[in-house]
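Here's the structure, in structure tokens; my notes come after.
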Amino acid sequence: MRNYLFNLGKNAKKASIEHVSSVKKNQVLRDYIVLIKKNYSKIISENQKDLKKANNNHLKANLIKRLLLDKKKLLQITDSIKTIIGFNDPVDQILKKWKRPNGLKIEKRTIPIGVISVIYESRPNVTSDVATLCFKSGNPVILKGGSEAYYSNKILANLFRKALIKNKVNNNYVQFIESKDRKTVDFLLTKMGNYIDVIIPRGGKGLVKKVQELSKIPVIGHLEGICHTYIDDKADLSMSKKITLNAKLRNTAICGATETILIHQKILKKFCNPILSNLEKNGCKIIGDKKISKFYKGKITTAKESDWSTEYLGPIVSIKSVKNINEAINHINKYGTMHTDAIITKNVKSAKKFLKEVKSSISMHNTSTQFADGGEFGFGGEVGISTNTLPPRGPVGLDQLVSYKYQVTSNGKIRK
């Protein structure tokens with residue numbers, strides 16, 4: 001395993017110094033789309049192997065749903081690649097340039113980050129999304145997919161490598177770790193620092209926590225998505241009902257799902273029952289503080305302190321009353337995970353205050369937190385969402401997969 005992984009690292013480093021033009025990058029991606037379409041039945045056949053194994057291992061229904069590849073999902077994959085083809089190459093862009101009084105000319109230009117390794121679970125579309133984004137941004141990628149999607153991931157990675165070979169580009173721009181050995185991830189995180197520049201984990205809390213604790217390589221990612229929706233005293237009731245229902249229940253398993261709803265105490269009498277009953281009748285369990293319990297006539301469980309810092313990832317929501325917007329912001333900054341938080345209000349001043357003062361990587365106004373997604377942001381896809389304080393933050397798409405350097409020129413200037 002040691003030699004196998006070191007070879008992957010060496011191959012990736014070699015690929016990273018080979019320049020690929022924007023024209024060639026897009027041709028590779030167009031050929032990748034053609035290969036996916038030509039191999040629909042083969043991809044679906046490989047996916048069936050994963051699904052059969054998942055059913056035999058009694059995997060949960062929501063995980064099996066994530067695993068499934070059919071013509072509709074493959075069309076979504078190729079549509080995503082088409083979107084990325086349409087974007088400008090993010091590499092070698094001049095971000096800023098200026099001239100100093102002494103004649104020095106300085107340019108700040110984008111460069112690839114380097115070799116990226118992505119460790120992910122369940123979703124085979126991550127293979128194509130990540131390979132496409134990393135390649136277009138000039139970053140060789142080493143993919144470590146979950147064993148539950150092994151055959152699906154392998155064929156999607158191999159088809160990308162075929163597209164690279166066809167265009168005479170180093171096929172080690174995209175490498176897939178074929179070893180199923182569980183120790184592979186530990187080795188990647190602790191022994192591959194000479195070859196890998198950034199690790200990106202995509203998956204459940206267990207995986208991300210392990211990566212963040214073990215990795216000796218910089219990590220881009222997020223541990224939890226404890227997202228909030230705050231309903232201000234100047235909120236519209238019908239909008240609040242619509243947004244909270246979507247933010248919580250559209251898909252409870254994603255990191256952008258709202259886990260806590262904060263309600264201004266002035267509007268509890270008018271808003272509490274319509275909003276909470278709307279959630280309850282759609283199958284959501286309500287956990288509320290003592291004030292909420294007094295107003296809500298439906299079924300409610302009393303909230304514990306630990307509920308404010310729980311990511312339920314299911315049809316459960318915690319509800320808290322707050323005195324004012326300051327208390328709402330303080331609660332979010334204390335218990336949130338800097339992922340995505342929203343305010344519902346007609347008051348523009350309050351909205352601006354909230355958007356500015358919550359520490360989240362994504363702050364929203366009159367919007368469902370479920371929009372926290374690279375595809376929804378128009379990025380064509382994402383390699384993940386970052387809640388790091390250092391950039392990149394939020395959905396990590398094409399333009400976030402670059403760093404920069406300063407290029408300085410003069411006609412023989414020396415410093416006095």
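The chains in the structure tokens are called A, B, ... from first to last as shown; in each chain the residues are counted from 1, and the ligands are counted from 1 in the order shown.
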
Would you mind listing, for every residue of segment 300-352 of chain A within 10 Å of segment 252-261 of chain A, the two atoms forming the shortest contact and the distance between them in Å to one decimal, using only C-alpha atoms, sorted by chain and ascending residue number, as a Markdown table?
```
| residue | atom | partner | partner_atom | distance |
| --- | --- | --- | --- | --- |
| A:Asp307 | CA | A:Thr260 | CA | 8.6 |
| A:Trp308 | CA | A:Thr260 | CA | 7.0 |
| A:Ser309 | CA | A:Thr260 | CA | 8.9 |
| A:Thr310 | CA | A:Glu259 | CA | 7.6 |
| A:Glu311 | CA | A:Glu259 | CA | 6.2 |
| A:Tyr312 | CA | A:Glu259 | CA | 6.6 |
| A:Leu313 | CA | A:Ala253 | CA | 4.6 |
| A:Gly314 | CA | A:Thr252 | CA | 4.8 |
| A:Pro315 | CA | A:Thr252 | CA | 6.2 |
| A:Ile316 | CA | A:Glu259 | CA | 7.5 |
| A:Val317 | CA | A:Glu259 | CA | 5.3 |
| A:Ser318 | CA | A:Thr260 | CA | 4.8 |
| A:Ile319 | CA | A:Ile261 | CA | 4.9 |
| A:Lys320 | CA | A:Ile261 | CA | 6.4 |
| A:Ser321 | CA | A:Ile261 | CA | 8.6 |
| A:Ala328 | CA | A:Ile261 | CA | 9.8 |
| A:Ile332 | CA | A:Thr260 | CA | 9.3 |
| A:Tyr335 | CA | A:Thr260 | CA | 9.8 |
| A:Gly336 | CA | A:Thr260 | CA | 9.3 |
| A:His339 | CA | A:Gly256 | CA | 7.5 |
| A:Thr340 | CA | A:Gly256 | CA | 6.4 |
| A:Asp341 | CA | A:Thr258 | CA | 8.0 |
| A:Ala342 | CA | A:Thr258 | CA | 9.0 |
| A:Ile343 | CA | A:Ile261 | CA | 9.9 |
```

Could the residues in this selection be saved with N, CA and C atoms as a PDB file, in the first residue's frame?
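Here's the written file part13.pdb:
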```
ATOM      1  N   ASP A 307     -29.733  20.521  22.608  1.00  0.00           N
ATOM      2  CA  ASP A 307     -30.484  20.617  21.352  1.00  0.00           C
ATOM      3  C   ASP A 307     -30.021  21.786  20.485  1.00  0.00           C
ATOM      4  N   TRP A 308     -29.535  22.839  21.113  1.00  0.00           N
ATOM      5  CA  TRP A 308     -29.112  24.012  20.330  1.00  0.00           C
ATOM      6  C   TRP A 308     -27.831  23.727  19.538  1.00  0.00           C
ATOM      7  N   SER A 309     -27.105  22.691  19.937  1.00  0.00           N
ATOM      8  CA  SER A 309     -25.875  22.355  19.199  1.00  0.00           C
ATOM      9  C   SER A 309     -25.965  20.971  18.553  1.00  0.00           C
ATOM     10  N   THR A 310     -27.210  20.567  18.198  1.00  0.00           N
ATOM     11  CA  THR A 310     -27.417  19.258  17.561  1.00  0.00           C
ATOM     12  C   THR A 310     -27.765  19.417  16.084  1.00  0.00           C
ATOM     13  N   GLU A 311     -27.047  18.665  15.248  1.00  0.00           N
ATOM     14  CA  GLU A 311     -27.382  18.566  13.827  1.00  0.00           C
ATOM     15  C   GLU A 311     -28.230  17.300  13.676  1.00  0.00           C
ATOM     16  N   TYR A 312     -29.530  17.459  13.494  1.00  0.00           N
ATOM     17  CA  TYR A 312     -30.438  16.304  13.497  1.00  0.00           C
ATOM     18  C   TYR A 312     -30.342  15.476  12.216  1.00  0.00           C
ATOM     19  N   LEU A 313     -30.159  16.134  11.067  1.00  0.00           N
ATOM     20  CA  LEU A 313     -30.122  15.442   9.766  1.00  0.00           C
ATOM     21  C   LEU A 313     -31.325  14.526   9.576  1.00  0.00           C
ATOM     22  N   GLY A 314     -32.449  14.971  10.120  1.00  0.00           N
ATOM     23  CA  GLY A 314     -33.693  14.213  10.017  1.00  0.00           C
ATOM     24  C   GLY A 314     -34.867  15.147  10.276  1.00  0.00           C
ATOM     25  N   PRO A 315     -36.106  14.630  10.283  1.00  0.00           N
ATOM     26  CA  PRO A 315     -37.280  15.491  10.463  1.00  0.00           C
ATOM     27  C   PRO A 315     -37.519  15.892  11.926  1.00  0.00           C
ATOM     28  N   ILE A 316     -36.549  16.594  12.495  1.00  0.00           N
ATOM     29  CA  ILE A 316     -36.613  17.114  13.869  1.00  0.00           C
ATOM     30  C   ILE A 316     -36.101  18.544  13.815  1.00  0.00           C
ATOM     31  N   VAL A 317     -36.763  19.452  14.538  1.00  0.00           N
ATOM     32  CA  VAL A 317     -36.291  20.837  14.563  1.00  0.00           C
ATOM     33  C   VAL A 317     -36.398  21.389  15.978  1.00  0.00           C
ATOM     34  N   SER A 318     -35.412  22.184  16.385  1.00  0.00           N
ATOM     35  CA  SER A 318     -35.489  22.842  17.693  1.00  0.00           C
ATOM     36  C   SER A 318     -35.904  24.301  17.482  1.00  0.00           C
ATOM     37  N   ILE A 319     -36.784  24.780  18.356  1.00  0.00           N
ATOM     38  CA  ILE A 319     -37.355  26.133  18.224  1.00  0.00           C
ATOM     39  C   ILE A 319     -37.040  26.937  19.490  1.00  0.00           C
ATOM     40  N   LYS A 320     -36.555  28.152  19.308  1.00  0.00           N
ATOM     41  CA  LYS A 320     -36.223  29.002  20.458  1.00  0.00           C
ATOM     42  C   LYS A 320     -36.795  30.400  20.260  1.00  0.00           C
ATOM     43  N   SER A 321     -37.303  30.969  21.332  1.00  0.00           N
ATOM     44  CA  SER A 321     -37.760  32.362  21.272  1.00  0.00           C
ATOM     45  C   SER A 321     -36.582  33.265  21.653  1.00  0.00           C
ATOM     46  N   ALA A 328     -30.654  36.818  18.686  1.00  0.00           N
ATOM     47  CA  ALA A 328     -30.650  35.822  17.599  1.00  0.00           C
ATOM     48  C   ALA A 328     -29.235  35.664  17.033  1.00  0.00           C
ATOM     49  N   ILE A 332     -26.748  32.321  17.252  1.00  0.00           N
ATOM     50  CA  ILE A 332     -26.183  31.695  16.045  1.00  0.00           C
ATOM     51  C   ILE A 332     -24.656  31.640  16.118  1.00  0.00           C
ATOM     52  N   TYR A 335     -23.824  28.856  18.913  1.00  0.00           N
ATOM     53  CA  TYR A 335     -24.159  27.450  18.678  1.00  0.00           C
ATOM     54  C   TYR A 335     -24.003  26.995  17.225  1.00  0.00           C
ATOM     55  N   GLY A 336     -23.942  27.945  16.298  1.00  0.00           N
ATOM     56  CA  GLY A 336     -23.847  27.580  14.880  1.00  0.00           C
ATOM     57  C   GLY A 336     -22.473  27.071  14.500  1.00  0.00           C
ATOM     58  N   HIS A 339     -21.892  27.710   8.931  1.00  0.00           N
ATOM     59  CA  HIS A 339     -22.302  27.150   7.636  1.00  0.00           C
ATOM     60  C   HIS A 339     -23.252  28.119   6.938  1.00  0.00           C
ATOM     61  N   THR A 340     -24.568  28.015   7.229  1.00  0.00           N
ATOM     62  CA  THR A 340     -25.565  28.841   6.549  1.00  0.00           C
ATOM     63  C   THR A 340     -26.648  29.256   7.535  1.00  0.00           C
ATOM     64  N   ASP A 341     -26.925  30.550   7.601  1.00  0.00           N
ATOM     65  CA  ASP A 341     -27.955  31.060   8.508  1.00  0.00           C
ATOM     66  C   ASP A 341     -28.760  32.154   7.830  1.00  0.00           C
ATOM     67  N   ALA A 342     -30.072  32.155   8.100  1.00  0.00           N
ATOM     68  CA  ALA A 342     -30.983  33.049   7.376  1.00  0.00           C
ATOM     69  C   ALA A 342     -31.849  33.879   8.318  1.00  0.00           C
ATOM     70  N   ILE A 343     -32.233  35.062   7.834  1.00  0.00           N
ATOM     71  CA  ILE A 343     -33.205  35.914   8.529  1.00  0.00           C
ATOM     72  C   ILE A 343     -34.405  36.102   7.621  1.00  0.00           C
TER      73      ILE A 343
END
```

Contacts of segment 375-389 of chain A at 10 Å (only C-alpha atoms; same-chain gap of 3+ positions) as a PyMOL selection string: chain A and resi 77+79-87+118+120+125-134+200-203+219-225+255-256+337-340+359-362+370-372+392-401

Could you write those residues out with C-alpha atoms, as a compact mmCIF listing (two decimals), in the first residue's frame?
```txt
# COMPACT_ATOMS: atom_id res chain seq x y z
CA ILE A 77 -23.72 14.78 -14.33
CA ASP A 79 -25.18 18.90 -17.63
CA SER A 80 -22.93 19.89 -14.74
CA ILE A 81 -19.81 19.24 -16.86
CA LYS A 82 -21.30 21.34 -19.71
CA THR A 83 -21.83 24.23 -17.28
CA ILE A 84 -18.19 24.03 -16.14
CA ILE A 85 -16.97 23.96 -19.77
CA GLY A 86 -18.78 27.30 -20.23
CA PHE A 87 -16.82 28.98 -17.42
CA VAL A 118 -10.76 14.28 -2.00
CA TYR A 120 -15.78 11.08 0.05
CA ASN A 125 -21.50 11.96 -8.90
CA VAL A 126 -18.80 13.42 -6.61
CA THR A 127 -16.23 11.54 -8.74
CA SER A 128 -17.18 13.36 -11.93
CA ASP A 129 -17.88 16.72 -10.23
CA VAL A 130 -14.55 16.78 -8.42
CA ALA A 131 -12.49 15.45 -11.35
CA THR A 132 -14.01 18.09 -13.65
CA LEU A 133 -13.55 21.02 -11.25
CA CYS A 134 -10.02 20.05 -10.22
CA ILE A 200 -11.05 17.85 1.06
CA PRO A 201 -13.38 15.51 2.98
CA ARG A 202 -16.97 15.07 1.76
CA GLY A 203 -19.22 12.91 3.85
CA VAL A 219 -8.01 20.63 5.12
CA ILE A 220 -10.86 22.44 3.35
CA GLY A 221 -14.26 21.42 4.68
CA HIS A 222 -16.88 21.56 7.38
CA LEU A 223 -17.67 19.30 10.31
CA GLU A 224 -21.36 20.05 10.84
CA GLY A 225 -24.13 22.13 9.34
CA CYS A 255 -25.75 20.07 5.53
CA GLY A 256 -27.77 23.15 4.48
CA THR A 337 -21.09 26.03 12.81
CA MET A 338 -20.49 28.98 10.43
CA HIS A 339 -22.30 27.15 7.64
CA THR A 340 -25.57 28.84 6.55
CA LYS A 359 -20.15 34.68 11.32
CA SER A 360 -21.47 32.13 8.82
CA SER A 361 -19.73 31.45 5.51
CA ILE A 362 -23.21 31.94 3.95
CA GLN A 370 -31.31 24.66 1.39
CA PHE A 371 -29.78 26.89 -1.33
CA ALA A 372 -26.35 26.37 0.30
CA PRO A 392 -12.09 29.51 0.53
CA ARG A 393 -15.43 29.74 2.37
CA GLY A 394 -18.89 28.49 1.42
CA PRO A 395 -19.34 26.31 -1.69
CA VAL A 396 -15.94 25.49 -3.19
CA GLY A 397 -16.29 25.64 -6.98
CA LEU A 398 -13.96 26.40 -9.86
CA ASP A 399 -12.89 29.92 -8.84
CA GLN A 400 -12.21 28.79 -5.25
CA LEU A 401 -9.76 26.08 -6.34
```

Of the residues A:Ile36, A:Ile119, A:Cys284, A:Ala149, which is the one nearest to Leu207 of chain A, using only C-alpha atoms?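 With only C-alpha atoms as the atom set, the closest residue is A:Ile119.
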
Residue neighbourhood Leu237 of chain A, 10 Å, only C-alpha atoms, exclusion window fewer than 3 positions, as a PyMOL selection string: chain A and resi 231+234+240-243+267+270-272+274-275+344-345

I need the residues from that last selection saved to file as a PDB file, in the first residue's frame (with C-alpha atoms), if you can.
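Written out: out-v2.pdb:
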```pdb
ATOM      1  CA  ILE A 231     -37.965  34.908  12.061  1.00  0.00           C
ATOM      2  CA  LYS A 234     -41.104  42.314  10.944  1.00  0.00           C
ATOM      3  CA  SER A 240     -42.116  32.431   7.006  1.00  0.00           C
ATOM      4  CA  LYS A 241     -44.301  29.322   6.703  1.00  0.00           C
ATOM      5  CA  LYS A 242     -43.101  28.601   3.178  1.00  0.00           C
ATOM      6  CA  ILE A 243     -39.401  29.175   3.878  1.00  0.00           C
ATOM      7  CA  ILE A 267     -44.697  37.557  17.205  1.00  0.00           C
ATOM      8  CA  LYS A 270     -49.404  35.151  15.804  1.00  0.00           C
ATOM      9  CA  PHE A 271     -46.612  33.027  14.263  1.00  0.00           C
ATOM     10  CA  CYS A 272     -45.984  30.092  16.598  1.00  0.00           C
ATOM     11  CA  PRO A 274     -49.166  28.375  11.989  1.00  0.00           C
ATOM     12  CA  ILE A 275     -45.424  27.777  11.480  1.00  0.00           C
ATOM     13  CA  ILE A 344     -36.823  36.390   7.473  1.00  0.00           C
ATOM     14  CA  THR A 345     -37.824  40.048   7.701  1.00  0.00           C
TER      15      THR A 345
END
```

Would you list the contacts of segment 41-57 of chain A as a PyMOL selection string, taking every protein, DNA or RNA residue within 10 Å and counting only C-alpha atoms, but skipping same-chain residues closer than 3 positions in sequence? chain A and resi 36-38+60-61+63-65+67-71+74+122+124+147-156+159

Can you pull out every residue within 7 Å of Ala12 of chain A, counting only C-alpha atoms, but drop anything in the same chain fewer than 6 positions away, and send it as a ChimeraX atom specification? /A:115,140,172-173

Excluding Lys413 of chain A and any residue of its chain fewer than 4 positions from it, enumerate the residues within 8 Å of it, using only C-alpha atoms, and give them as an NGL selection string. :A and (102-104)

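Atom CA of Lys144 of chain A is positioned 8.7 Å from atom CA of Glu121 of chain A.
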
Could you write out, as a PyMOL selection string, all the residues of segment 118-195 of chain A that DSSP marks as strand (DSSP E or B)? chain A and resi 118-120+141-144+174-176

Could you pull out the alpha helix (DSSP H) residues of segment 191-415 of chain A, going by DSSP on the backbone, and write them as a ChimeraX atom specification? /A:191,205-214,237-249,268-281,290-295,325-335,348-357

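For the residues A:Val91, A:His228, A:Tyr296, A:Val185, ranking by smallest atom-to-atom distance to Val208 of chain A using only C-alpha atoms places A:Val185 first.
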
So the first atom is atom CA of Lys297 of chain A and the second is atom CA of Lys285 of chain A; what is the distance between them in Å, to one decimal place?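 These atoms are spaced 13.6 Å apart.
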
Taking only C-alpha atoms into account, name the residue in A:Ile111, A:Gly9, A:Asn88, A:Arg66 that is nearest to Val402 of chain A.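 Smallest distance to Val402 of chain A is found for A:Ile111.
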
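Atom to atom, atom CA of Pro101 of chain A and atom CA of Gly412 of chain A stand 14.5 Å apart.
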
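Closest approach to Asp197 of chain A among A:Ala163, A:Ile113, A:Ile300, A:Val28: A:Ile113, based on only C-alpha atoms.
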